[in-house]
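**Q** Just one file: coords-v3.cif, with mmCIF, C-alpha atoms and all ligand atoms.
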```cif
data_model
#
loop_
_atom_site.label_atom_id
_atom_site.label_comp_id
_atom_site.auth_asym_id
_atom_site.auth_seq_id
_atom_site.Cartn_x
_atom_site.Cartn_y
_atom_site.Cartn_z
CA MET A 95 -13.67 14.31 15.34
CA ARG A 96 -13.94 10.61 14.32
CA PRO A 97 -14.07 10.13 10.54
CA PRO A 98 -17.30 8.59 9.22
CA ARG A 99 -17.24 4.78 8.97
CA SER A 100 -17.32 4.82 5.19
CA MET A 101 -14.18 6.97 4.97
CA PRO A 102 -11.66 5.12 2.73
CA ASN A 103 -8.46 3.81 4.29
CA HIS A 104 -6.22 6.16 2.38
CA ALA A 105 -8.07 9.20 3.71
CA ILE A 106 -7.38 8.20 7.32
CA ALA A 107 -4.01 6.49 7.42
CA SER A 108 -0.82 8.46 7.03
CA THR A 109 0.99 8.34 3.70
CA SER A 110 4.01 10.25 5.00
CA ILE A 111 7.35 8.48 4.65
CA ASP A 112 8.89 10.91 7.16
CA GLU A 113 6.30 10.01 9.79
CA PHE A 114 6.85 6.34 9.03
CA HIS A 115 10.62 6.74 9.48
CA GLU A 116 10.03 8.19 12.93
CA VAL A 117 7.86 5.22 13.92
CA LEU A 118 10.39 2.79 12.43
CA ARG A 119 13.22 4.37 14.41
CA THR A 120 11.38 3.89 17.69
CA SER A 121 9.99 0.41 16.95
CA LYS A 122 11.66 -2.36 18.92
CA ARG A 123 9.67 -5.31 17.60
CA ILE A 124 8.50 -5.42 13.98
CA VAL A 125 6.74 -8.16 12.04
CA ALA A 126 6.16 -8.34 8.29
CA LEU A 127 3.40 -10.29 6.54
CA CYS A 128 4.35 -10.75 2.89
CA GLY A 129 2.42 -11.95 -0.13
CA ALA A 130 2.72 -12.43 -3.87
CA GLY A 131 2.90 -8.67 -4.58
CA LEU A 132 6.40 -8.63 -3.05
CA SER A 133 7.61 -10.81 -5.92
CA ALA A 134 5.58 -9.10 -8.66
CA ALA A 135 8.49 -6.86 -9.66
CA SER A 136 10.59 -10.02 -10.05
CA GLY A 137 8.16 -11.08 -12.77
CA LEU A 138 6.12 -13.62 -10.79
CA ASP A 139 2.33 -13.75 -10.99
CA THR A 140 0.01 -12.97 -8.11
CA PHE A 141 -3.00 -15.16 -7.23
CA ARG A 142 -5.86 -12.77 -7.40
CA GLY A 143 -6.72 -10.00 -9.81
CA ALA A 144 -5.02 -9.64 -13.17
CA GLY A 145 -2.13 -12.01 -12.40
CA GLY A 146 -4.32 -14.79 -11.06
CA MET A 147 -4.85 -16.81 -14.22
CA TRP A 148 -2.60 -19.53 -15.59
CA ARG A 149 -3.69 -20.36 -19.11
CA ASN A 150 -7.48 -20.60 -18.68
CA TYR A 151 -7.35 -21.72 -15.08
CA GLN A 152 -7.74 -19.73 -11.91
CA ALA A 153 -4.52 -20.25 -9.98
CA THR A 154 -6.41 -20.76 -6.72
CA SER A 155 -8.56 -23.53 -8.28
CA LEU A 156 -5.41 -25.56 -8.88
CA ALA A 157 -4.08 -25.10 -5.33
CA THR A 158 -6.20 -27.80 -3.72
CA PRO A 159 -5.81 -31.51 -2.96
CA GLU A 160 -9.10 -32.11 -4.82
CA ALA A 161 -7.61 -30.63 -7.99
CA PHE A 162 -4.57 -32.88 -7.66
CA GLU A 163 -6.75 -35.93 -7.09
CA LYS A 164 -8.82 -35.11 -10.14
CA ASP A 165 -6.01 -34.27 -12.56
CA PRO A 166 -2.49 -34.49 -11.06
CA GLY A 167 -0.88 -33.86 -14.47
CA LEU A 168 -2.66 -30.53 -14.87
CA VAL A 169 -1.70 -29.43 -11.37
CA TRP A 170 1.89 -30.54 -11.96
CA LEU A 171 2.06 -28.58 -15.23
CA PHE A 172 0.96 -25.48 -13.33
CA TYR A 173 3.55 -26.03 -10.61
CA GLY A 174 6.23 -27.00 -13.15
CA TYR A 175 5.65 -23.64 -14.80
CA ARG A 176 5.74 -21.82 -11.44
CA ARG A 177 8.97 -23.61 -10.41
CA HIS A 178 10.57 -22.70 -13.73
CA LYS A 179 9.52 -19.03 -13.47
CA ALA A 180 10.73 -18.79 -9.86
CA LEU A 181 14.09 -20.33 -10.74
CA GLN A 182 14.52 -17.84 -13.59
CA ALA A 183 13.46 -14.86 -11.42
CA LYS A 184 15.74 -12.81 -9.22
CA PRO A 185 14.98 -11.35 -5.79
CA ASN A 186 14.14 -7.65 -6.07
CA MET A 187 15.10 -4.64 -3.95
CA GLY A 188 12.08 -5.26 -1.71
CA HIS A 189 13.37 -8.72 -0.76
CA PHE A 190 16.84 -7.28 -0.12
CA ALA A 191 15.50 -4.40 1.97
CA LEU A 192 13.67 -6.87 4.21
CA ALA A 193 16.82 -8.97 4.51
CA GLU A 194 18.73 -5.90 5.67
CA LEU A 195 16.04 -5.07 8.20
CA ALA A 196 16.19 -8.64 9.50
CA LYS A 197 19.97 -8.46 9.95
CA LYS A 198 19.78 -5.09 11.63
CA LYS A 199 16.95 -5.91 14.04
CA GLY A 200 17.88 -9.50 14.92
CA ASP A 201 15.19 -11.09 17.10
CA GLY A 202 13.27 -7.82 16.96
CA PHE A 203 12.10 -8.65 13.44
CA MET A 204 10.15 -11.59 12.09
CA CYS A 205 9.14 -11.97 8.45
CA ILE A 206 6.11 -14.18 7.84
CA THR A 207 5.87 -14.95 4.15
CA GLN A 208 3.09 -16.69 2.28
CA ASN A 209 5.34 -16.83 -0.77
CA VAL A 210 6.58 -20.20 -1.98
CA ASP A 211 8.93 -18.85 -4.65
CA GLY A 212 12.20 -19.07 -2.69
CA LEU A 213 13.21 -15.48 -3.51
CA SER A 214 13.63 -14.28 0.09
CA GLN A 215 15.84 -17.30 0.73
CA ARG A 216 18.09 -16.09 -2.09
CA THR A 217 18.90 -12.87 -0.18
CA PRO A 218 21.07 -12.77 2.95
CA HIS A 219 17.89 -12.90 5.07
CA PRO A 220 18.72 -14.83 8.28
CA ARG A 221 16.65 -18.01 8.02
CA SER A 222 15.58 -18.02 11.67
CA GLN A 223 13.69 -14.76 11.04
CA LEU A 224 11.92 -16.00 7.90
CA LYS A 225 8.74 -18.01 8.48
CA LEU A 226 7.54 -19.89 5.41
CA ILE A 227 3.94 -20.57 6.32
CA HIS A 228 2.89 -21.96 2.91
CA ASP A 229 6.17 -23.83 2.53
CA THR A 230 8.05 -23.78 -0.78
CA LEU A 231 7.74 -24.88 -4.40
CA PHE A 232 11.06 -26.67 -4.01
CA ASP A 233 9.95 -29.23 -1.46
CA LEU A 234 8.18 -32.31 -2.75
CA LYS A 235 6.07 -34.70 -0.76
CA CYS A 236 4.17 -37.90 -1.33
CA PHE A 237 0.40 -37.65 -1.80
CA SER A 238 0.01 -41.01 -0.01
CA CYS A 239 2.74 -41.45 2.60
CA ASP A 240 4.95 -39.23 4.80
CA TYR A 241 7.89 -39.01 2.36
CA ARG A 242 9.31 -35.52 1.95
CA GLU A 243 12.17 -34.21 -0.19
CA ILE A 244 13.60 -30.75 0.43
CA ASP A 245 15.43 -28.37 -1.91
CA ASN A 246 14.69 -30.10 -5.18
CA PHE A 247 15.66 -27.48 -7.76
CA ASN A 248 15.44 -29.73 -10.83
CA ASP A 249 13.88 -28.00 -13.79
CA PRO A 250 11.88 -29.71 -15.09
CA VAL A 251 11.14 -31.57 -11.91
CA HIS A 252 10.51 -34.74 -13.95
CA PRO A 253 11.03 -35.57 -17.64
CA SER A 254 7.26 -35.81 -18.16
CA LEU A 255 6.91 -32.18 -17.09
CA THR A 256 8.84 -30.22 -19.68
CA ILE A 257 7.53 -26.72 -19.58
CA ASP A 258 8.02 -25.74 -23.23
CA ASP A 259 4.99 -23.89 -24.51
CA GLU A 260 4.09 -26.21 -27.34
CA SER A 261 4.00 -29.44 -25.38
CA VAL A 262 2.05 -27.84 -22.52
CA THR A 263 -0.50 -26.39 -24.95
CA ALA A 264 -0.89 -29.75 -26.66
CA ARG A 265 -1.41 -31.53 -23.35
CA LEU A 266 -3.93 -29.00 -22.10
CA ALA A 267 -5.84 -29.13 -25.38
CA GLY A 268 -6.27 -32.85 -24.86
CA ALA A 269 -7.69 -32.42 -21.37
CA SER A 270 -9.82 -29.37 -21.48
CA THR A 271 -13.37 -29.57 -22.73
CA ASN A 272 -14.20 -26.32 -21.03
CA PRO A 273 -12.31 -23.22 -22.21
CA PHE A 274 -12.84 -21.42 -18.91
CA HIS A 275 -12.01 -24.04 -16.39
CA ASN A 276 -13.39 -22.90 -13.09
CA ARG A 277 -13.10 -25.15 -10.09
CA ILE A 278 -16.52 -26.75 -10.55
CA ALA A 279 -16.10 -27.58 -14.23
CA PHE A 280 -12.62 -28.81 -13.50
CA LEU A 281 -13.83 -31.22 -10.83
CA ASP A 282 -16.38 -32.70 -13.23
CA PRO A 283 -15.43 -36.42 -13.43
CA ALA A 284 -16.17 -36.38 -17.17
CA THR A 285 -13.16 -34.13 -17.84
CA PRO A 286 -10.25 -36.30 -19.03
CA GLN A 287 -6.85 -36.23 -17.28
CA THR A 288 -4.07 -34.13 -18.78
CA ILE A 289 -1.19 -36.59 -18.31
CA ASP A 290 -1.43 -40.29 -17.55
CA PRO A 291 -0.58 -40.49 -13.80
CA ALA A 292 1.74 -43.43 -14.57
CA GLU A 293 4.05 -40.92 -16.31
CA LEU A 294 4.21 -38.55 -13.32
CA PRO A 295 6.88 -38.57 -10.58
CA HIS A 296 6.28 -41.30 -7.99
CA CYS A 297 7.35 -41.57 -4.37
CA PRO A 298 10.65 -43.43 -3.91
CA LYS A 299 9.53 -44.58 -0.45
CA CYS A 300 6.08 -46.15 -0.89
CA THR A 301 6.53 -46.39 -4.70
CA HIS A 302 2.78 -46.24 -5.44
CA GLY A 303 2.01 -42.66 -4.26
CA LEU A 304 2.43 -39.67 -6.56
CA LEU A 305 4.87 -36.95 -5.59
CA ARG A 306 3.27 -33.51 -5.28
CA PRO A 307 4.55 -30.00 -4.62
CA GLY A 308 5.26 -29.52 -0.88
CA VAL A 309 3.24 -26.29 -0.68
CA VAL A 310 0.17 -25.79 1.54
CA TRP A 311 -3.06 -26.07 -0.41
CA PHE A 312 -6.53 -24.89 0.64
CA GLY A 313 -7.97 -27.05 3.37
CA GLU A 314 -4.52 -28.29 4.46
CA SER A 315 -2.74 -27.57 7.72
CA LEU A 316 0.12 -25.14 7.78
CA PRO A 317 3.50 -26.31 9.16
CA GLN A 318 2.79 -26.61 12.87
CA ASP A 319 6.37 -26.01 14.03
CA THR A 320 6.49 -22.75 12.06
CA LEU A 321 3.14 -21.61 13.48
CA LYS A 322 4.45 -22.36 16.97
CA GLU A 323 7.60 -20.29 16.35
CA ILE A 324 5.42 -17.40 15.22
CA ASP A 325 3.13 -17.69 18.26
CA ASP A 326 6.14 -17.82 20.57
CA TRP A 327 7.58 -14.66 19.00
CA PHE A 328 4.29 -12.79 19.46
CA ASP A 329 3.99 -14.02 23.05
CA GLN A 330 7.42 -12.68 24.04
CA ASP A 331 6.43 -9.01 24.22
CA ARG A 332 4.37 -6.22 22.71
CA VAL A 333 4.77 -5.53 18.98
CA ASP A 334 5.30 -2.02 17.64
CA LEU A 335 4.70 -2.37 13.92
CA ILE A 336 3.35 -4.79 11.33
CA LEU A 337 4.28 -4.32 7.67
CA VAL A 338 1.62 -5.83 5.40
CA ILE A 339 3.37 -6.17 2.06
CA GLY A 340 1.87 -7.15 -1.30
CA THR A 341 -0.86 -9.37 0.04
CA SER A 342 -4.63 -9.31 -0.37
CA ALA A 343 -4.68 -10.51 3.28
CA ALA A 344 -7.63 -12.72 2.40
CA VAL A 345 -6.26 -16.19 3.14
CA TYR A 346 -6.30 -17.52 6.68
CA PRO A 347 -4.63 -18.13 9.03
CA ALA A 348 -2.03 -15.77 7.44
CA ALA A 349 -4.43 -12.82 7.24
CA GLY A 350 -5.20 -13.24 10.95
CA TYR A 351 -1.69 -12.09 11.90
CA VAL A 352 -2.70 -8.47 11.24
CA GLN A 353 -5.29 -8.65 14.02
CA ILE A 354 -2.91 -10.53 16.29
CA ALA A 355 -0.23 -7.87 15.80
CA LYS A 356 -2.79 -5.12 16.49
CA ARG A 357 -3.82 -6.89 19.70
CA HIS A 358 -0.14 -6.80 20.69
CA GLY A 359 -0.16 -3.03 20.22
CA ALA A 360 1.14 -2.75 16.65
CA ARG A 361 0.57 0.04 14.19
CA VAL A 362 -0.10 -1.22 10.68
CA ALA A 363 1.84 -0.14 7.59
CA VAL A 364 0.43 -1.42 4.31
CA VAL A 365 2.42 -1.55 1.08
CA ASN A 366 0.20 -2.43 -1.85
CA MET A 367 -0.45 -1.45 -5.46
CA ASP A 368 -4.18 -1.45 -4.79
CA LYS A 369 -5.36 0.66 -1.87
CA ASP A 370 -8.93 -0.56 -2.05
CA SER A 371 -8.79 -4.29 -1.33
CA LEU A 372 -6.71 -4.77 1.75
CA GLY A 373 -8.53 -7.72 3.34
CA SER A 374 -7.77 -8.02 7.04
CA ALA A 375 -5.57 -4.91 6.80
CA SER A 376 -8.57 -2.73 5.93
CA ASN A 377 -9.90 -0.36 8.57
CA LEU A 378 -6.62 1.46 8.92
CA ARG A 379 -6.43 3.99 11.75
CA LYS A 380 -4.95 7.48 11.89
CA THR A 381 -1.83 6.05 13.48
CA ASP A 382 -1.40 3.53 10.64
CA PHE A 383 0.26 3.95 7.24
CA LEU A 384 -0.73 3.23 3.68
CA PHE A 385 1.85 3.30 0.90
CA GLN A 386 0.43 2.65 -2.51
CA GLY A 387 2.84 1.38 -5.15
CA ASP A 388 5.37 -1.29 -5.99
CA ALA A 389 6.87 -2.98 -2.94
CA ALA A 390 10.22 -3.30 -4.74
CA GLU A 391 10.43 0.48 -4.97
CA LEU A 392 8.75 1.46 -1.72
CA LEU A 393 10.47 -0.89 0.74
CA PRO A 394 14.00 0.43 0.14
CA GLN A 395 12.70 3.98 0.73
CA MET A 396 10.68 3.01 3.77
CA LEU A 397 13.41 0.97 5.42
CA GLY A 398 16.31 3.19 4.30
CA PRO A 399 17.05 4.90 7.64
CA ILE A 400 17.65 1.74 9.62
CA ARG A 401 19.50 -0.16 6.95
CA ASP A 402 23.26 0.02 6.99
CA ARG A 403 23.95 1.36 3.50
CA ARG A 404 27.68 0.62 3.67
CA LYS A 405 26.99 -3.00 4.43
CA ALA A 406 23.79 -3.41 2.41
CA SER A 407 24.17 -6.44 0.22
CA VAL A 408 22.17 -7.02 -2.91
CA LYS A 409 24.27 -10.02 -3.76
CA GLU A 410 22.09 -12.98 -4.53
CA VAL A 411 22.62 -16.13 -2.54
CA LYS A 412 22.55 -18.96 -5.04
CA PHE A 413 20.68 -22.16 -4.53
CA LYS A 414 23.03 -24.95 -3.42
C1 LIG A 501 1.49 -5.53 -5.15
C2 LIG A 501 2.26 -5.52 -6.28
C3 LIG A 501 3.46 -4.84 -6.17
C4 LIG A 501 0.45 -6.69 -6.77
N1 LIG A 501 3.75 -4.26 -5.03
N2 LIG A 501 1.71 -4.97 -4.00
C5 LIG A 501 -11.02 -18.48 8.48
C6 LIG A 501 -12.01 -17.80 7.79
C7 LIG A 501 -12.37 -18.18 6.50
C8 LIG A 501 -11.74 -19.24 5.86
C9 LIG A 501 -10.76 -19.90 6.53
C10 LIG A 501 -10.40 -19.53 7.82
N3 LIG A 501 -9.40 -20.34 8.22
C11 LIG A 501 -9.10 -21.20 7.23
C12 LIG A 501 -9.93 -20.96 6.19
C13 LIG A 501 -9.93 -21.68 4.89
C14 LIG A 501 -8.84 -21.23 3.94
C15 LIG A 501 -9.01 -19.76 3.60
O1 LIG A 501 -8.34 -18.89 4.11
N4 LIG A 501 -9.86 -19.45 2.67
C16 LIG A 501 -10.05 -18.06 2.22
C17 LIG A 501 -10.13 -18.03 0.71
C18 LIG A 501 -11.21 -17.45 2.93
N5 LIG A 501 -7.50 -21.48 4.49
C19 LIG A 501 -6.95 -22.66 4.39
O2 LIG A 501 -7.51 -23.58 3.84
C20 LIG A 501 -5.57 -22.83 5.01
N6 LIG A 501 -5.55 -24.01 5.76
C21 LIG A 501 -6.10 -24.08 6.97
O3 LIG A 501 -6.51 -23.10 7.54
O4 LIG A 501 -6.16 -25.34 7.50
C22 LIG A 501 -7.06 -25.60 8.57
C23 LIG A 501 -8.48 -25.35 8.08
C24 LIG A 501 -8.91 -25.82 6.86
C25 LIG A 501 -10.21 -25.60 6.43
C26 LIG A 501 -11.09 -24.86 7.22
C27 LIG A 501 -10.65 -24.36 8.47
C28 LIG A 501 -9.34 -24.62 8.90
C29 LIG A 501 -4.52 -23.05 3.92
C30 LIG A 501 -4.33 -21.87 3.05
C31 LIG A 501 -3.30 -22.22 1.98
C32 LIG A 501 -3.21 -21.17 0.92
N7 LIG A 501 -2.45 -21.67 -0.16
C33 LIG A 501 -2.14 -20.83 -1.30
C34 LIG A 501 -1.45 -21.70 -2.36
C35 LIG A 501 -0.03 -22.04 -1.97
C36 LIG A 501 0.66 -22.84 -3.01
C37 LIG A 501 0.89 -22.07 -4.28
O5 LIG A 501 1.62 -21.07 -4.26
O6 LIG A 501 0.33 -22.45 -5.29
O7 LIG A 501 -1.29 -19.76 -0.88
S1 LIG A 501 -3.54 -19.97 -1.97
C38 LIG A 501 -2.69 -18.49 -2.36
O8 LIG A 501 -3.19 -17.38 -1.57
C39 LIG A 501 -1.24 -18.73 -1.90
C40 LIG A 501 -0.89 -17.40 -1.30
O9 LIG A 501 0.19 -17.55 -0.40
C41 LIG A 501 -2.17 -16.98 -0.64
C42 LIG A 501 -2.27 -15.51 -0.39
O10 LIG A 501 -2.24 -14.78 -1.58
P1 LIG A 501 -1.44 -13.40 -1.62
O11 LIG A 501 -0.01 -13.65 -1.45
O12 LIG A 501 -2.08 -12.43 -0.74
O13 LIG A 501 -1.63 -13.00 -3.16
P2 LIG A 501 -2.84 -12.23 -3.84
O14 LIG A 501 -2.71 -12.43 -5.30
O15 LIG A 501 -4.12 -12.57 -3.22
O16 LIG A 501 -2.56 -10.70 -3.50
C43 LIG A 501 -1.44 -10.00 -4.07
C44 LIG A 501 -1.52 -8.58 -3.55
O17 LIG A 501 -0.35 -7.89 -3.98
C45 LIG A 501 -2.72 -7.79 -4.07
O18 LIG A 501 -3.30 -7.10 -2.97
C46 LIG A 501 -2.11 -6.81 -5.07
O19 LIG A 501 -2.81 -5.57 -5.11
C47 LIG A 501 -0.74 -6.63 -4.50
N8 LIG A 501 0.31 -6.30 -5.47
N9 LIG A 501 1.60 -6.24 -7.27
C48 LIG A 501 2.89 -4.32 -3.97
N10 LIG A 501 4.27 -4.76 -7.24
#
```
Mind converting the file's structure to structure tokens?
Ligand code: BJW

**A**
Amino acid sequence: MRPPRSMPNHAIASTSIDEFHEVLRTSKRIVALCGAGLSAASGLDTFRGAGGMWRNYQATSLATPEAFEKDPGLVWLFYGYRRHKALQAKPNMGHFALAELAKKKGDGFMCITQNVDGLSQRTPHPRSQLKLIHDTLFDLKCFSCDYREIDNFNDPVHPSLTIDDESVTARLAGASTNPFHNRIAFLDPATPQTIDPAELPHCPKCTHGLLRPGVVWFGESLPQDTLKEIDDWFDQDRVDLILVIGTSAAVYPAAGYVQIAKRHGARVAVVNMDKDSLGSASNLRKTDFLFQGDAAELLPQMLGPIRDRRKASVKEVKFK
């Protein structure tokens, strides 16, 4: 009998690790869609829910070109903080488990990550199987011209962007007239700028443009070559399984890969702390899986059988 439409996901989908292992063993082509929850156990904040505030600002309200235009110093302070935290953090066992899966499956596995924190790159994850659709915190680009700098791991990224608590608090106090800066209040032209733009990092090529983080903000295009690689992988054959890991699956086009994988025949396996807001991965079927908990703990258990324990490496790959 079909369950009623209102039946919650967790009542329909399987939660059995043994059943999942069986599906994993027989899956030839697997794709993962990862989000901020994968890095939560490494101490990095998520975007939505409890972790989604930086100081009094909603993280997502700062991830737009409009925000940068309005107050580039404020946006840079946010990204300076994020760069610092990501450089201090270490990849967790979830990142390493995915790296092992990638090595084991070769072309039969593709990991699409929305994360910009560089943690997966610091595992032995083969780079050709890691698709960074929102780019990385460690690329910089010019807000005015086509200049791009890759792998800039300077911390702080510029002398004007020291991330010590006191100076950041002082700077924000100067700028903020509204204690709960939502996007609308923030875009109010009457709000003063946090740092004089003349003090911020400038483009070495055109010299007048400001440098900005190389990540993909709302309303911006994702890296077209990466999207093409992903499309090509999907087009090669059917897909057996999509792992939807630590993401609210609410931001497009990333969230759309769940549907695309399903159209290619995939079962869905969700790994998330919160079983009730799964975005495009909602509507799980009987043949799908839902594992509620920390991705750093669950992924090693889930992927255990096809990882080569003798060769499993949890050795961090250092930045250059
Ligand atoms: C754990 C855990 C633990 C916690 N273990 N789990 C179609 C329909 C509607 C809108 C659009 C559409 N197509 C495009 C749009 C517009 C827009 C969009 O999607 N808007 C939505 C809000 C609806 N998309 C865009 O603008 C994209 N550009 C684009 O499409 O260009 C063309 C175009 C433009 C305009 C219109 C139409 C076409 C660009 C999107 C760029 C997103 N950028 C950001 C910022 C990146 C830089 C930065 O890092 O600062 O990317 S926003 C932010 O959200 C970031 C993330 O990658 C992304 C996704 O968030 P994620 O990773 O899912 O994090 P959370 O916090 O949401 O979820 C964490 C989850 O983990 C939760 O579920 C927790 O429960 C769980 N969790 N701890 C396991 N330990």

**Q** Using all atoms listed in the file, which residue out of A:Gln287, A:Gln182, A:Ser342, A:Ser110 lies closest to ligand LIG 501 (chain A)?

**A** A:Ser342

**Q** Would you mind reading off the distance between CA of Ile289 in chain A and CA of Trp170 in chain A, one decimal, in Å?

**A**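 Computed distance, CA of Ile289 in chain A to CA of Trp170 in chain A, equals 9.3 Å.
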
**Q** For ligand LIG 501 (chain A), which residue out of A:Asn186, A:Gln353, A:Ser254, A:Thr154 is the nearest one, using only C-alpha atoms and all ligand atoms?

**A**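 Ranking A:Asn186, A:Gln353, A:Ser254, A:Thr154 by distance to ligand LIG 501 (chain A), first place goes to A:Thr154.
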
**Q** Residues within 6 Å of ligand LIG 501 (chain A), counting all atoms listed in the file: report them as a ChimeraX atom specification.

**A** /A:129-132,134-135,140-142,154,157,208-210,228,309-315,340-347,365-368,387-389

**Q** Return the single residue from A:Ala348, A:Leu195, A:Val117, A:Leu127 that is closest to Asp334 in chain A, with distances computed using all atoms listed in the file.

**A**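 Checking each candidate against Asp334 in chain A, we get A:Val117 as the closest.
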
**Q** Using only C-alpha atoms, pick whichever of A:Thr288, A:Lys122, A:Gln215, A:Leu192 has the shortest atom-to-atom distance to Ala264 in chain A.

**A** A:Thr288

**Q** Work out how far CA of Thr109 in chain A is from CA of Met204 in chain A, in Å to one decimal.

**A**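 So the answer is 23.5 Å.
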
**Q** Mind working out the centre and edge lengths of an axis-aligned box for range 340-359 of chain A, all listed atoms inside, 5 Å added to each side, rounded to one decimal in Å and written as AutoDock Vina command-line options?

**A**
```
--center_x -2.9 --center_y -10.6 --center_z 9.7 --size_x 19.5 --size_y 25.1 --size_z 32.0
```

**Q** With only C-alpha atoms counted and 10 Å as the cut-off, give the residues of range 143-173 of chain A in contact with range 237-251 of chain A, each with its shortest interatomic distance in Å and the pair that gives it, as a Markdown table.

**A**
```
| residue | atom | partner | partner_atom | distance |
| --- | --- | --- | --- | --- |
| A:Pro159 | CA | A:Phe237 | CA | 8.8 |
| A:Phe162 | CA | A:Phe237 | CA | 9.0 |
| A:Glu163 | CA | A:Phe237 | CA | 9.1 |
| A:Trp170 | CA | A:Val251 | CA | 9.3 |
| A:Leu171 | CA | A:Pro250 | CA | 9.9 |
| A:Tyr173 | CA | A:Val251 | CA | 9.5 |
```

**Q** Would you output that residue set with C-alpha atoms, as a PDB file, in the coordinates of the input?

**A**
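again_35.pdb, freshly written:
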```
ATOM      1  CA  PRO A 159      -5.810 -31.510  -2.960  1.00  0.00           C
ATOM      2  CA  PHE A 162      -4.570 -32.880  -7.660  1.00  0.00           C
ATOM      3  CA  GLU A 163      -6.750 -35.930  -7.090  1.00  0.00           C
ATOM      4  CA  TRP A 170       1.890 -30.540 -11.960  1.00  0.00           C
ATOM      5  CA  LEU A 171       2.060 -28.580 -15.230  1.00  0.00           C
ATOM      6  CA  TYR A 173       3.550 -26.030 -10.610  1.00  0.00           C
TER       7      TYR A 173
END
```

**Q** For a cut-off of 9 Å around (2.5, -8.5, 22.5), file coordinates, pick out all residues using only C-alpha atoms and list them as an MDAnalysis selection string.

**A** chainID A and resid 327:334 354:360

**Q** With C-alpha atoms kept, could you save the residues just selected as a short mmCIF file (atom, residue, chain, number, x, y, z; two decimals), in the coordinates of the input?

**A**
```cif
data_model
loop_
_atom_site.label_atom_id
_atom_site.label_comp_id
_atom_site.auth_asym_id
_atom_site.auth_seq_id
_atom_site.Cartn_x
_atom_site.Cartn_y
_atom_site.Cartn_z
CA TRP A 327 7.58 -14.66 19.00
CA PHE A 328 4.29 -12.79 19.46
CA ASP A 329 3.99 -14.02 23.05
CA GLN A 330 7.42 -12.68 24.04
CA ASP A 331 6.43 -9.01 24.22
CA ARG A 332 4.37 -6.22 22.71
CA VAL A 333 4.77 -5.53 18.98
CA ASP A 334 5.30 -2.02 17.64
CA ILE A 354 -2.91 -10.53 16.29
CA ALA A 355 -0.23 -7.87 15.80
CA LYS A 356 -2.79 -5.12 16.49
CA ARG A 357 -3.82 -6.89 19.70
CA HIS A 358 -0.14 -6.80 20.69
CA GLY A 359 -0.16 -3.03 20.22
CA ALA A 360 1.14 -2.75 16.65
#
```

**Q** Fewer than 4 positions away in the same chain doesn't count, so skip those; otherwise give me all residues within 9 Å of Leu224 in chain A, counting only C-alpha atoms, as number ranges by chain.

**A** A: 196, 204-207, 214-215, 219-220

**Q** For His178 in chain A, which of A:Met396, A:Leu231, A:Leu294, A:Lys409 is the closest residue, counting all atoms listed in the file?

**A**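 Using all atoms listed in the file, the shortest distance to His178 in chain A belongs to A:Leu231.
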
**Q** May I have the protein, DNA and RNA residues with any atom at most 12 Å from the point (14.2, -5.7, 2.9), counting all atoms listed in the file, written as an NGL selection string?

**A** :A and (126 or 128 or 132 or 185-199 or 203-205 or 213-215 or 217-220 or 224 or 337 or 339 or 389-402 or 406-408)

**Q** Between CA of Lys322 in chain A and CA of Leu226 in chain A, what is the spacing in Å?

**A**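 CA of Lys322 in chain A lies at a distance of 12.2 Å from CA of Leu226 in chain A.
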
**Q** Under the rule that all atoms listed in the file are counted, which of A:Arg361, A:Ala161, A:Arg176, A:Asn150 is the nearest residue to Ile257 in chain A?

**A**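 The answer is A:Arg176, which sits nearest to Ile257 in chain A.
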